[in-house]
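Take a look at the structure below.
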Amino acid sequence: MNKSELVSAISERTGETRSAVEAVINSLETVVTEQVVLGEKVSITGFVSFEQTERGARTGRNPRTGENIEIAAAKGCKVSAGARLKAAVKGI
């Protein structure tokens, strides 16, 4: 399901206009992104959580040449499924 299909599905279930639903989804995306960039954890209890992660610098190996290389520290984003979502996927 892509964003357009998601907007349509939510619009049909709620009776809201597609433009209103799209505005809410865009706002959710913006707020979650802003908070994770600031280092805050964003949780929708039971459904999903987003948080910033940090990986330290490390030494790796180039698989082609076998040469050691330095891999710089980096930030990433961790997305975790909540209990209700996990249970739904398991069929519980």
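Here's how to read the names in the structure tokens: chain A, B, ... by the order shown, residue numbers from 1 in each chain, ligand numbers from 1 in the order shown.
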Who sits within 12 Å of Lys75 (chain A), only C-alpha atoms, same chain under 2 positions skipped, as an mmCIF file with C-alpha atoms, in the first residue's frame:
data_model
loop_
_atom_site.group_PDB
_atom_site.id
_atom_site.type_symbol
_atom_site.label_atom_id
_atom_site.label_comp_id
_atom_site.auth_asym_id
_atom_site.auth_seq_id
_atom_site.Cartn_x
_atom_site.Cartn_y
_atom_site.Cartn_z
ATOM 1 C CA VAL A 36 13.424 12.145 15.908
ATOM 2 C CA VAL A 37 15.966 14.598 14.457
ATOM 3 C CA LEU A 38 15.974 16.354 17.847
ATOM 4 C CA GLY A 39 16.707 13.012 19.539
ATOM 5 C CA GLU A 51 13.806 6.838 17.811
ATOM 6 C CA GLN A 52 17.204 8.088 16.749
ATOM 7 C CA THR A 53 20.126 5.687 17.014
ATOM 8 C CA GLU A 54 23.865 6.288 16.953
ATOM 9 C CA ARG A 55 26.566 3.991 15.653
ATOM 10 C CA GLY A 56 30.104 4.619 16.748
ATOM 11 C CA ALA A 57 33.056 4.800 14.402
ATOM 12 C CA ALA A 72 32.645 7.044 10.372
ATOM 13 C CA ALA A 73 30.136 7.379 13.195
ATOM 14 C CA CYS A 77 16.404 5.804 12.852
ATOM 15 C CA LYS A 78 14.952 2.769 14.600
#
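Among the residues of chain A, backbone DSSP assigns strand (DSSP E or B) to A:Val42, A:Ser43, A:Ile44, A:Val48, A:Ser49, A:Phe50, A:Glu51, A:Gln52, A:Thr53, A:Glu54, A:Arg55, A:Arg58, A:Thr59, A:Gly60, A:Arg61, A:Asn68, A:Ile69, A:Glu70, A:Ile71, A:Ala74, A:Lys75, A:Gly76, A:Cys77, A:Lys78, A:Val79, A:Ser80, A:Ala81.
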Dump N, CA, C and O atoms for the selected residues as a compact mmCIF listing (two decimals), in the first residue's frame?
# COMPACT_ATOMS: atom_id res chain seq x y z
N VAL A 42 9.42 9.00 19.66
CA VAL A 42 8.00 9.22 19.38
C VAL A 42 7.31 7.86 19.43
O VAL A 42 7.70 6.95 18.70
N SER A 43 6.31 7.73 20.29
CA SER A 43 5.61 6.46 20.44
C SER A 43 4.12 6.64 20.23
O SER A 43 3.52 7.58 20.78
N ILE A 44 3.53 5.75 19.45
CA ILE A 44 2.09 5.62 19.38
C ILE A 44 1.85 4.28 20.08
O ILE A 44 2.03 3.22 19.50
N VAL A 48 3.46 1.70 17.15
CA VAL A 48 4.80 1.88 16.59
C VAL A 48 5.56 2.94 17.38
O VAL A 48 4.96 3.82 18.01
N SER A 49 6.89 2.84 17.36
CA SER A 49 7.71 3.90 17.96
C SER A 49 8.89 4.18 17.03
O SER A 49 9.33 3.30 16.28
N PHE A 50 9.36 5.40 17.09
CA PHE A 50 10.47 5.88 16.29
C PHE A 50 11.50 6.49 17.22
O PHE A 50 11.13 7.24 18.12
N GLU A 51 12.77 6.18 17.02
CA GLU A 51 13.81 6.84 17.81
C GLU A 51 15.12 6.90 17.04
O GLU A 51 15.38 6.07 16.17
N GLN A 52 15.90 7.90 17.38
CA GLN A 52 17.20 8.09 16.75
C GLN A 52 18.21 7.12 17.36
O GLN A 52 18.18 6.86 18.56
N THR A 53 19.07 6.57 16.53
CA THR A 53 20.13 5.69 17.01
C THR A 53 21.48 6.25 16.59
O THR A 53 21.55 7.05 15.66
N GLU A 54 22.51 5.86 17.30
CA GLU A 54 23.87 6.29 16.95
C GLU A 54 24.76 5.07 16.85
O GLU A 54 24.69 4.18 17.69
N ARG A 55 25.56 5.03 15.82
CA ARG A 55 26.57 3.99 15.65
C ARG A 55 27.92 4.64 15.77
O ARG A 55 28.19 5.65 15.12
N ARG A 58 33.98 2.76 13.52
CA ARG A 58 34.54 1.41 13.63
C ARG A 58 35.44 1.11 12.44
O ARG A 58 35.43 1.83 11.45
N THR A 59 36.18 0.07 12.56
CA THR A 59 37.04 -0.37 11.46
C THR A 59 36.34 -1.51 10.73
O THR A 59 35.84 -2.44 11.35
N GLY A 60 36.27 -1.39 9.42
CA GLY A 60 35.66 -2.43 8.60
C GLY A 60 36.68 -2.98 7.62
O GLY A 60 37.86 -2.61 7.64
N ARG A 61 36.21 -3.85 6.77
CA ARG A 61 37.10 -4.45 5.78
C ARG A 61 36.45 -4.35 4.41
O ARG A 61 35.29 -4.73 4.24
N ASN A 68 41.68 -2.78 5.32
CA ASN A 68 40.95 -2.19 6.44
C ASN A 68 40.55 -0.77 6.08
O ASN A 68 41.33 -0.04 5.48
N ILE A 69 39.32 -0.41 6.44
CA ILE A 69 38.84 0.96 6.21
C ILE A 69 38.19 1.46 7.49
O ILE A 69 37.69 0.67 8.31
N GLU A 70 38.22 2.75 7.67
CA GLU A 70 37.58 3.38 8.82
C GLU A 70 36.16 3.79 8.41
O GLU A 70 35.98 4.48 7.42
N ILE A 71 35.19 3.36 9.18
CA ILE A 71 33.79 3.72 8.94
C ILE A 71 33.42 4.77 9.97
O ILE A 71 33.57 4.56 11.17
N ALA A 74 27.76 7.35 12.70
CA ALA A 74 26.57 7.74 11.94
C ALA A 74 25.34 7.69 12.83
O ALA A 74 25.30 6.99 13.85
N LYS A 75 24.33 8.44 12.44
CA LYS A 75 23.03 8.41 13.11
C LYS A 75 22.06 7.69 12.19
O LYS A 75 22.17 7.73 10.98
N GLY A 76 21.08 7.04 12.81
CA GLY A 76 20.06 6.34 12.06
C GLY A 76 18.72 6.47 12.77
O GLY A 76 18.60 7.18 13.76
N CYS A 77 17.73 5.78 12.26
CA CYS A 77 16.40 5.80 12.85
C CYS A 77 15.94 4.37 13.06
O CYS A 77 16.02 3.55 12.16
N LYS A 78 15.47 4.09 14.27
CA LYS A 78 14.95 2.77 14.60
C LYS A 78 13.43 2.87 14.68
O LYS A 78 12.89 3.74 15.34
N VAL A 79 12.75 1.97 13.97
CA VAL A 79 11.30 1.90 13.99
C VAL A 79 10.93 0.56 14.59
O VAL A 79 11.37 -0.49 14.11
N SER A 80 10.14 0.57 15.66
CA SER A 80 9.77 -0.67 16.35
C SER A 80 8.26 -0.84 16.37
O SER A 80 7.52 0.11 16.66
N ALA A 81 7.82 -2.05 16.09
CA ALA A 81 6.39 -2.36 16.15
C ALA A 81 5.96 -2.47 17.60
O ALA A 81 6.69 -2.99 18.45
Selection: 10 Å around Lys3 (chain A), only C-alpha atoms, excl. self and same-chain fewer than 3 positions, as a PyMOL selection string: chain A and resi 6-9+22+25-26
Deliver the residues from the most recent selection as a file, using C-alpha atoms, as a PDB file, in the first residue's frame.
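Listed below is the output, again.pdb:
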ATOM      1  CA  LEU A   6      -3.498   4.785   2.504  1.00  0.00           C
ATOM      2  CA  VAL A   7      -5.141   8.195   2.179  1.00  0.00           C
ATOM      3  CA  SER A   8      -8.035   6.659   0.223  1.00  0.00           C
ATOM      4  CA  ALA A   9      -8.540   3.848   2.740  1.00  0.00           C
ATOM      5  CA  GLU A  22      -3.566  13.744   3.447  1.00  0.00           C
ATOM      6  CA  ILE A  25      -0.657  12.242   7.360  1.00  0.00           C
ATOM      7  CA  ASN A  26       1.726  14.936   6.089  1.00  0.00           C
TER       8      ASN A  26
END
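Omitting Lys86 (chain A) and its sequence neighbours fewer than 5 positions away, and counting only C-alpha atoms, the residues within 9 Å are A:Gly46, A:Phe47, A:Ala81, A:Gly91, A:Ile92.
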Those of region 10-89 of chain A in DSSP alpha helix (DSSP H), formatted as a ChimeraX atom specification: /A:10-14,18-37,83-89
Nearest-residue call for Arg18 (chain A), choices A:Ser4, A:Thr30, A:Leu85, A:Lys90, using only C-alpha atoms: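 Using only C-alpha atoms, the shortest distance to Arg18 (chain A) belongs to A:Ser4.
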Pick from A:Thr14, A:Ser19, A:Thr45, A:Glu34, whichever lies nearest to Arg84 (chain A) using only C-alpha atoms: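 Closest residue, counting only C-alpha atoms: A:Thr45.
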